[in-house]
>>> print(open('start_34.cif').read())   # mmCIF, C-alpha atoms
data_input
loop_
_atom_site.group_PDB
_atom_site.id
_atom_site.type_symbol
_atom_site.label_atom_id
_atom_site.label_comp_id
_atom_site.auth_asym_id
_atom_site.auth_seq_id
_atom_site.Cartn_x
_atom_site.Cartn_y
_atom_site.Cartn_z
ATOM 1 C CA MET A 287 0.000 0.000 0.000
ATOM 2 C CA TRP A 288 1.341 3.412 -1.005
ATOM 3 C CA THR A 289 1.779 5.955 1.801
ATOM 4 C CA PRO A 290 2.117 9.623 0.762
ATOM 5 C CA ILE A 291 5.197 11.486 1.972
ATOM 6 C CA GLU A 292 4.511 13.883 4.824
ATOM 7 C CA TYR A 293 6.038 17.349 4.450
ATOM 8 C CA SER A 294 6.572 19.871 7.258
ATOM 9 C CA ILE A 295 5.275 23.453 7.528
ATOM 10 C CA THR A 296 7.338 25.856 9.654
ATOM 11 C CA TYR A 297 6.287 29.405 10.539
ATOM 12 C CA GLU A 298 8.812 32.193 11.195
ATOM 13 C CA GLY A 299 8.782 35.904 12.058
ATOM 14 C CA LEU A 300 5.934 35.864 14.573
ATOM 15 C CA ASP A 301 7.758 38.230 16.948
ATOM 16 C CA GLY A 302 5.199 37.796 19.702
ATOM 17 C CA GLY A 303 2.243 37.519 17.344
ATOM 18 C CA THR A 304 -0.348 34.744 17.219
ATOM 19 C CA ASN A 305 -0.444 32.271 14.337
ATOM 20 C CA PRO A 306 -3.986 31.055 13.511
ATOM 21 C CA ASN A 307 -2.402 28.276 11.439
ATOM 22 C CA ALA A 308 -0.275 26.955 14.323
ATOM 23 C CA SER A 309 -2.007 23.568 14.365
ATOM 24 C CA ILE A 310 -1.222 22.941 10.690
ATOM 25 C CA ILE A 311 2.383 21.693 10.779
ATOM 26 C CA SER A 312 2.408 19.116 8.000
ATOM 27 C CA TYR A 313 0.694 18.064 4.796
ATOM 28 C CA THR A 314 0.872 15.476 2.014
ATOM 29 C CA VAL A 315 0.249 15.605 -1.705
ATOM 30 C CA GLU A 316 -3.271 14.375 -0.988
ATOM 31 C CA SER A 317 -4.103 17.057 1.615
ATOM 32 C CA ALA A 318 -6.886 19.491 0.784
ATOM 33 C CA THR A 319 -5.783 23.008 -0.109
ATOM 34 C CA ILE A 320 -4.587 24.848 3.001
ATOM 35 C CA ASN A 321 -5.717 28.480 3.093
ATOM 36 C CA LEU A 322 -3.403 30.515 5.324
ATOM 37 C CA ALA A 323 -4.789 33.088 7.764
ATOM 38 C CA ASP A 324 -2.655 36.130 8.586
ATOM 39 C CA ALA A 325 -0.821 36.296 11.902
ATOM 40 C CA VAL A 326 -2.184 38.741 14.480
ATOM 41 C CA LYS A 327 -0.670 40.963 17.189
ATOM 42 C CA GLU A 328 -3.205 41.914 19.833
ATOM 43 C CA ASN A 329 -3.110 45.493 21.181
ATOM 44 C CA SER A 330 -0.325 46.369 18.767
ATOM 45 C CA ALA A 331 0.247 49.080 16.178
ATOM 46 C CA TYR A 332 1.415 46.440 13.696
ATOM 47 C CA GLY A 333 -0.501 44.263 11.252
ATOM 48 C CA SER A 334 0.651 41.289 9.221
ATOM 49 C CA GLU A 335 1.392 41.701 5.512
ATOM 50 C CA GLY A 336 0.731 37.978 5.082
ATOM 51 C CA TRP A 337 2.974 34.941 4.624
ATOM 52 C CA PHE A 338 5.981 34.780 2.299
ATOM 53 C CA ASP A 339 8.337 32.040 1.137
ATOM 54 C CA ALA A 340 11.420 34.060 2.133
ATOM 55 C CA ALA A 341 12.385 36.337 5.028
ATOM 56 C CA THR A 342 12.919 39.195 2.538
ATOM 57 C CA GLY A 343 11.799 39.398 -1.045
ATOM 58 C CA GLY A 344 10.283 36.144 -2.199
ATOM 59 C CA ASN A 345 6.656 35.512 -3.030
ATOM 60 C CA LYS A 346 3.482 35.952 -1.014
ATOM 61 C CA VAL A 347 1.906 32.625 -0.075
ATOM 62 C CA GLU A 348 -1.839 32.666 0.547
ATOM 63 C CA SER A 349 -2.395 28.926 0.342
ATOM 64 C CA ILE A 350 -0.730 25.565 -0.121
ATOM 65 C CA PRO A 351 -2.708 23.969 -2.973
ATOM 66 C CA GLN A 352 -3.617 20.312 -3.009
ATOM 67 C CA GLY A 353 -0.914 18.402 -4.888
ATOM 68 C CA SER A 354 1.945 20.528 -3.517
ATOM 69 C CA THR A 355 5.158 18.868 -2.362
ATOM 70 C CA GLY A 356 8.201 19.755 -0.273
ATOM 71 C CA ASN A 357 8.821 21.128 3.205
ATOM 72 C CA LYS A 358 7.594 24.719 3.584
ATOM 73 C CA THR A 359 9.049 27.524 5.699
ATOM 74 C CA LEU A 360 6.721 30.529 5.778
ATOM 75 C CA TYR A 361 7.633 33.994 7.032
ATOM 76 C CA THR A 362 5.222 36.639 8.247
ATOM 77 C CA ARG A 363 6.104 40.335 7.964
ATOM 78 C CA TRP A 364 4.772 43.149 10.084
ATOM 79 C CA LEU A 365 3.642 46.529 8.772
ATOM 80 C CA LEU A 366 3.046 49.622 10.908
ATOM 81 C CA GLY A 367 -0.699 50.223 10.878
ATOM 82 C CA PRO A 368 -3.082 47.243 10.621
ATOM 83 C CA LYS A 369 -5.615 49.452 8.790
ATOM 84 C CA ALA A 370 -4.912 50.632 5.244
ATOM 85 C CA SER A 371 -6.367 54.049 6.128
ATOM 86 C CA PRO A 372 -8.155 55.696 9.087
ATOM 87 C CA SER A 373 -11.880 55.032 9.299
ATOM 88 C CA GLU A 374 -13.005 55.546 12.907
ATOM 89 C CA VAL A 375 -12.887 58.214 15.592
ATOM 90 C CA GLY A 376 -9.738 57.723 17.661
ATOM 91 C CA ASP A 377 -7.725 56.047 14.895
ATOM 92 C CA ILE A 378 -4.031 56.906 15.124
ATOM 93 C CA VAL A 379 -2.551 57.784 11.726
ATOM 94 C CA PHE A 380 1.076 57.006 10.884
ATOM 95 C CA ASN A 381 3.432 58.673 8.405
ATOM 96 C CA ASN A 382 2.906 55.816 5.918
ATOM 97 C CA GLY A 383 -0.793 56.713 5.623
ATOM 98 C CA ARG A 384 -1.931 53.617 7.509
ATOM 99 C CA ALA A 385 -3.679 53.614 10.894
ATOM 100 C CA VAL A 386 -4.499 51.644 14.024
ATOM 101 C CA ALA A 387 -7.736 51.758 15.995
ATOM 102 C CA TYR A 388 -7.355 53.094 19.518
ATOM 103 C CA SER A 389 -8.189 50.703 22.354
ATOM 104 C CA ASP A 390 -7.537 50.793 26.095
ATOM 105 C CA GLY A 391 -4.939 48.034 25.801
ATOM 106 C CA LEU A 392 -3.131 49.441 22.774
ATOM 107 C CA VAL A 393 0.652 49.524 23.153
ATOM 108 C CA LEU A 394 2.814 51.675 20.880
ATOM 109 C CA ASP A 395 6.535 50.960 20.743
ATOM 110 C CA ASP A 396 9.018 53.790 20.229
ATOM 111 C CA ALA A 397 8.989 53.376 16.441
ATOM 112 C CA ALA A 398 5.196 53.647 16.331
ATOM 113 C CA LYS A 399 5.208 56.700 18.592
ATOM 114 C CA ALA A 400 7.772 58.414 16.374
ATOM 115 C CA ALA A 401 5.694 57.669 13.265
ATOM 116 C CA ALA A 402 2.309 58.829 14.666
ATOM 117 C CA VAL A 403 1.194 62.033 12.936
ATOM 118 C CA ALA A 404 -2.510 62.465 13.709
ATOM 119 C CA VAL A 405 -5.523 61.252 15.695
ATOM 120 C CA ILE A 406 -8.913 61.164 13.955
ATOM 121 C CA PHE A 407 -11.795 63.083 15.542
ATOM 122 C CA ASP A 408 -14.196 63.131 12.549
ATOM 123 C CA ALA A 409 -14.510 59.775 10.776
ATOM 124 C CA THR A 410 -16.821 61.002 8.014
ATOM 125 C CA ASN A 411 -14.371 63.591 6.712
ATOM 126 C CA LYS A 412 -11.290 61.735 7.976
ATOM 127 C CA THR A 413 -10.178 64.844 9.818
ATOM 128 C CA GLY A 414 -7.715 64.600 12.659
ATOM 129 C CA VAL A 415 -5.693 66.571 15.144
ATOM 130 C CA GLY A 416 -2.069 66.721 14.043
ATOM 131 C CA LEU A 417 0.594 65.612 16.460
ATOM 132 C CA GLN A 418 3.382 68.190 16.676
ATOM 133 C CA GLN A 419 5.975 65.496 17.074
ATOM 134 C CA SER A 420 8.950 67.541 18.226
ATOM 135 C CA LYS A 421 6.815 68.784 21.143
ATOM 136 C CA LEU A 422 4.988 65.527 21.825
ATOM 137 C CA THR A 423 5.683 63.742 25.096
ATOM 138 C CA TRP A 424 4.195 60.307 25.630
ATOM 139 C CA ALA A 425 2.997 59.412 29.108
ATOM 140 C CA PRO A 426 5.243 56.993 31.017
ATOM 141 C CA GLU A 427 4.014 53.438 31.550
ATOM 142 C CA GLY A 428 1.961 53.056 34.680
ATOM 143 C CA THR A 429 0.485 56.569 34.516
ATOM 144 C CA THR A 430 -3.005 57.558 33.455
ATOM 145 C CA GLY A 431 -1.618 59.510 30.504
ATOM 146 C CA TYR A 432 -3.845 61.964 28.741
ATOM 147 C CA THR A 433 -7.238 62.293 30.382
ATOM 148 C CA THR A 434 -8.959 64.646 27.912
ATOM 149 C CA LYS A 435 -11.439 62.645 25.871
ATOM 150 C CA PHE A 436 -13.863 63.643 23.135
ATOM 151 C CA ALA A 437 -17.299 62.354 24.091
ATOM 152 C CA THR A 438 -20.292 63.051 21.853
ATOM 153 C CA ASN A 439 -23.354 61.182 20.709
ATOM 154 C CA ASP A 440 -22.385 61.507 17.053
ATOM 155 C CA ALA A 441 -21.556 58.113 15.599
ATOM 156 C CA ASP A 442 -19.215 59.697 13.058
ATOM 157 C CA GLY A 443 -17.485 61.902 15.619
ATOM 158 C CA SER A 444 -18.260 65.144 13.808
ATOM 159 C CA GLY A 445 -19.546 66.735 17.002
ATOM 160 C CA ASN A 446 -16.083 66.488 18.492
ATOM 161 C CA TRP A 447 -15.124 69.647 16.611
ATOM 162 C CA ALA A 448 -17.177 71.665 19.102
ATOM 163 C CA VAL A 449 -15.399 69.947 21.974
ATOM 164 C CA ILE A 450 -12.015 70.821 20.473
ATOM 165 C CA GLN A 451 -13.066 74.453 20.005
ATOM 166 C CA ALA A 452 -14.230 74.665 23.605
ATOM 167 C CA ALA A 453 -10.915 73.291 24.874
ATOM 168 C CA ILE A 454 -8.790 75.867 23.037
ATOM 169 C CA PRO A 455 -8.642 79.519 24.124
ATOM 170 C CA PRO A 456 -10.585 81.673 21.588
ATOM 171 C CA SER A 457 -7.548 83.745 20.593
ATOM 172 C CA ILE A 458 -5.453 80.660 19.908
ATOM 173 C CA PHE A 459 -8.314 78.964 18.057
ATOM 174 C CA ALA A 460 -8.742 82.011 15.808
ATOM 175 C CA ILE A 461 -5.060 81.901 14.893
ATOM 176 C CA HIS A 462 -5.345 78.208 14.000
ATOM 177 C CA ILE A 463 -8.333 78.793 11.723
ATOM 178 C CA MET A 464 -6.961 81.953 10.056
ATOM 179 C CA SER A 465 -3.671 80.242 9.282
ATOM 180 C CA ARG A 466 -5.381 76.989 8.191
ATOM 181 C CA SER A 467 -3.316 75.322 10.886
ATOM 182 C CA ARG A 468 -1.886 71.938 10.080
ATOM 183 C CA ALA A 469 -3.196 70.841 13.465
ATOM 184 C CA PHE A 470 -6.703 70.496 11.985
ATOM 185 C CA ARG A 471 -6.116 69.282 8.436
ATOM 186 C CA PRO A 472 -7.653 66.121 6.934
ATOM 187 C CA ALA A 473 -5.808 62.974 8.008
ATOM 188 C CA GLY A 474 -4.763 62.051 4.488
ATOM 189 C CA ILE A 475 -2.588 65.146 4.317
ATOM 190 C CA PHE A 476 -0.545 64.354 7.418
ATOM 191 C CA PRO A 477 1.620 61.572 5.952
ATOM 192 C CA LEU A 478 2.449 63.831 3.001
ATOM 193 C CA MET A 479 3.495 66.616 5.334
ATOM 194 C CA GLU A 480 5.440 64.622 7.891
ATOM 195 C CA ASN A 481 8.450 66.919 7.854
ATOM 196 C CA LEU A 482 6.296 70.031 8.188
ATOM 197 C CA LEU A 483 4.599 68.533 11.234
ATOM 198 C CA ARG A 484 7.915 68.331 13.084
ATOM 199 C CA PHE A 485 8.150 71.889 14.400
#
>>> encode(input="start_34.cif", output="structure tokens")
Amino acid sequence: MWTPIEYSITYEGLDGGTNPNASIISYTVESATINLADAVKENSAYGSEGWFDAATGGNKVESIPQGSTGNKTLYTRWLLGPKASPSEVGDIVFNNGRAVAYSDGLVLDDAAKAAAVAVIFDATNKTGVGLQQSKLTWAPEGTTGYTTKFATNDADGSGNWAVIQAAIPPSIFAIHIMSRSRAFRPAGIFPLMENLLRF
């Protein structure tokens, strides 16, 4: 009786992430097609780009088709910003144009903090408050951090504009509006103006 050869599947590059495919460690030529799910990092500013057949370069591997042969080593790669673009109130926008949704457990490493350029307050118009990075100080671990929160009943967050206006002295607010301050520009502009935001 013929017994098909069993080939191994090895996963690399997880860097603390979770592999949904962890239980699939081998296959044979007769195995059904294996569709690979992306790795995940909980409470992280990073998202997986998928699986590749090399640590750098190589080809993206989305599945191992039935009839495949050979041992497989698959590498996941991490990209700053799990979201391709901001879409919700509180999203943090990075200088590559991508974003991460804010959550209470979210942890930003130093690279993510340095790359953060805006926080969305109006999801409909994708408008955010720009982070003046050279003046930005992140709260130390173990502290409550920033306590000012925008709280409105508007699902799209558009009402937060009034909250922002109320929190800024009228004279300063007028200067921002008259000069079309970068602090209140649409989020899509921030990545394009990264160097101008560092003042």
>>> resolve_selection(input="start_34.cif", expression="the PyMOL selection byres ((chain A and resi 315-329) around 6)", output="PyMOL selection string")
chain A and resi 303-305+313-314+330+334+336+348-355+391-393
>>> residues_around(input="start_34.cif", residues="range 341-343 of chain A", least_positions_apart="5", cutoff="12 Å", atoms="only C-alpha atoms", output="VMD selection string")
chain A and resid 297 to 300 336 359 to 364
>>> closest_residue(input="start_34.cif", among="A:Ile311, A:Val379, A:Val405, A:Ala398", to="Ala331 in chain A", atoms="all atoms listed in the file")
A:Ala398
>>> residues_around(input="start_34.cif", residues="Leu365 in chain A", least_positions_apart="3", cutoff="10 Å", atoms="all atoms listed in the file", output="list in words")
Ala331, Tyr332, Gly333, Ser334, Glu335, Gly336, Pro368, Lys369, Asn382 and Arg384 of chain A
>>> atom_distance(input="start_34.cif", atom1="CA of Gly414 in chain A", atom2="CA of Ala397 in chain A")
20.5 Å
>>> resolve_selection(input="start_34.cif", expression="the PyMOL selection byres ((chain A and resi 376) around 7)", output="compact mmCIF listing (two decimals) with C-alpha atoms, in the coordinates of the input")
# COMPACT_ATOMS: atom_id res chain seq x y z
CA GLU A 374 -13.00 55.55 12.91
CA VAL A 375 -12.89 58.21 15.59
CA ASP A 377 -7.72 56.05 14.90
CA ILE A 378 -4.03 56.91 15.12
CA ALA A 387 -7.74 51.76 16.00
CA TYR A 388 -7.36 53.09 19.52
CA VAL A 405 -5.52 61.25 15.70
CA ILE A 406 -8.91 61.16 13.96
CA PHE A 407 -11.80 63.08 15.54
>>> atom_distance(input="start_34.cif", atom1="CA of Asp408 in chain A", atom2="CA of Ser371 in chain A")
13.6 Å
>>> resolve_selection(input="start_34.cif", expression="the PyMOL selection byres ((chain A and resi 294) around 7)", output="list in words")
Glu292, Tyr293, Ile295, Thr296, Ile311, Ser312, Tyr313, Asn357 and Lys358 of chain A
>>> atom_distance(input="start_34.cif", atom1="CA of Ala370 in chain A", atom2="CA of Val386 in chain A")
8.8 Å
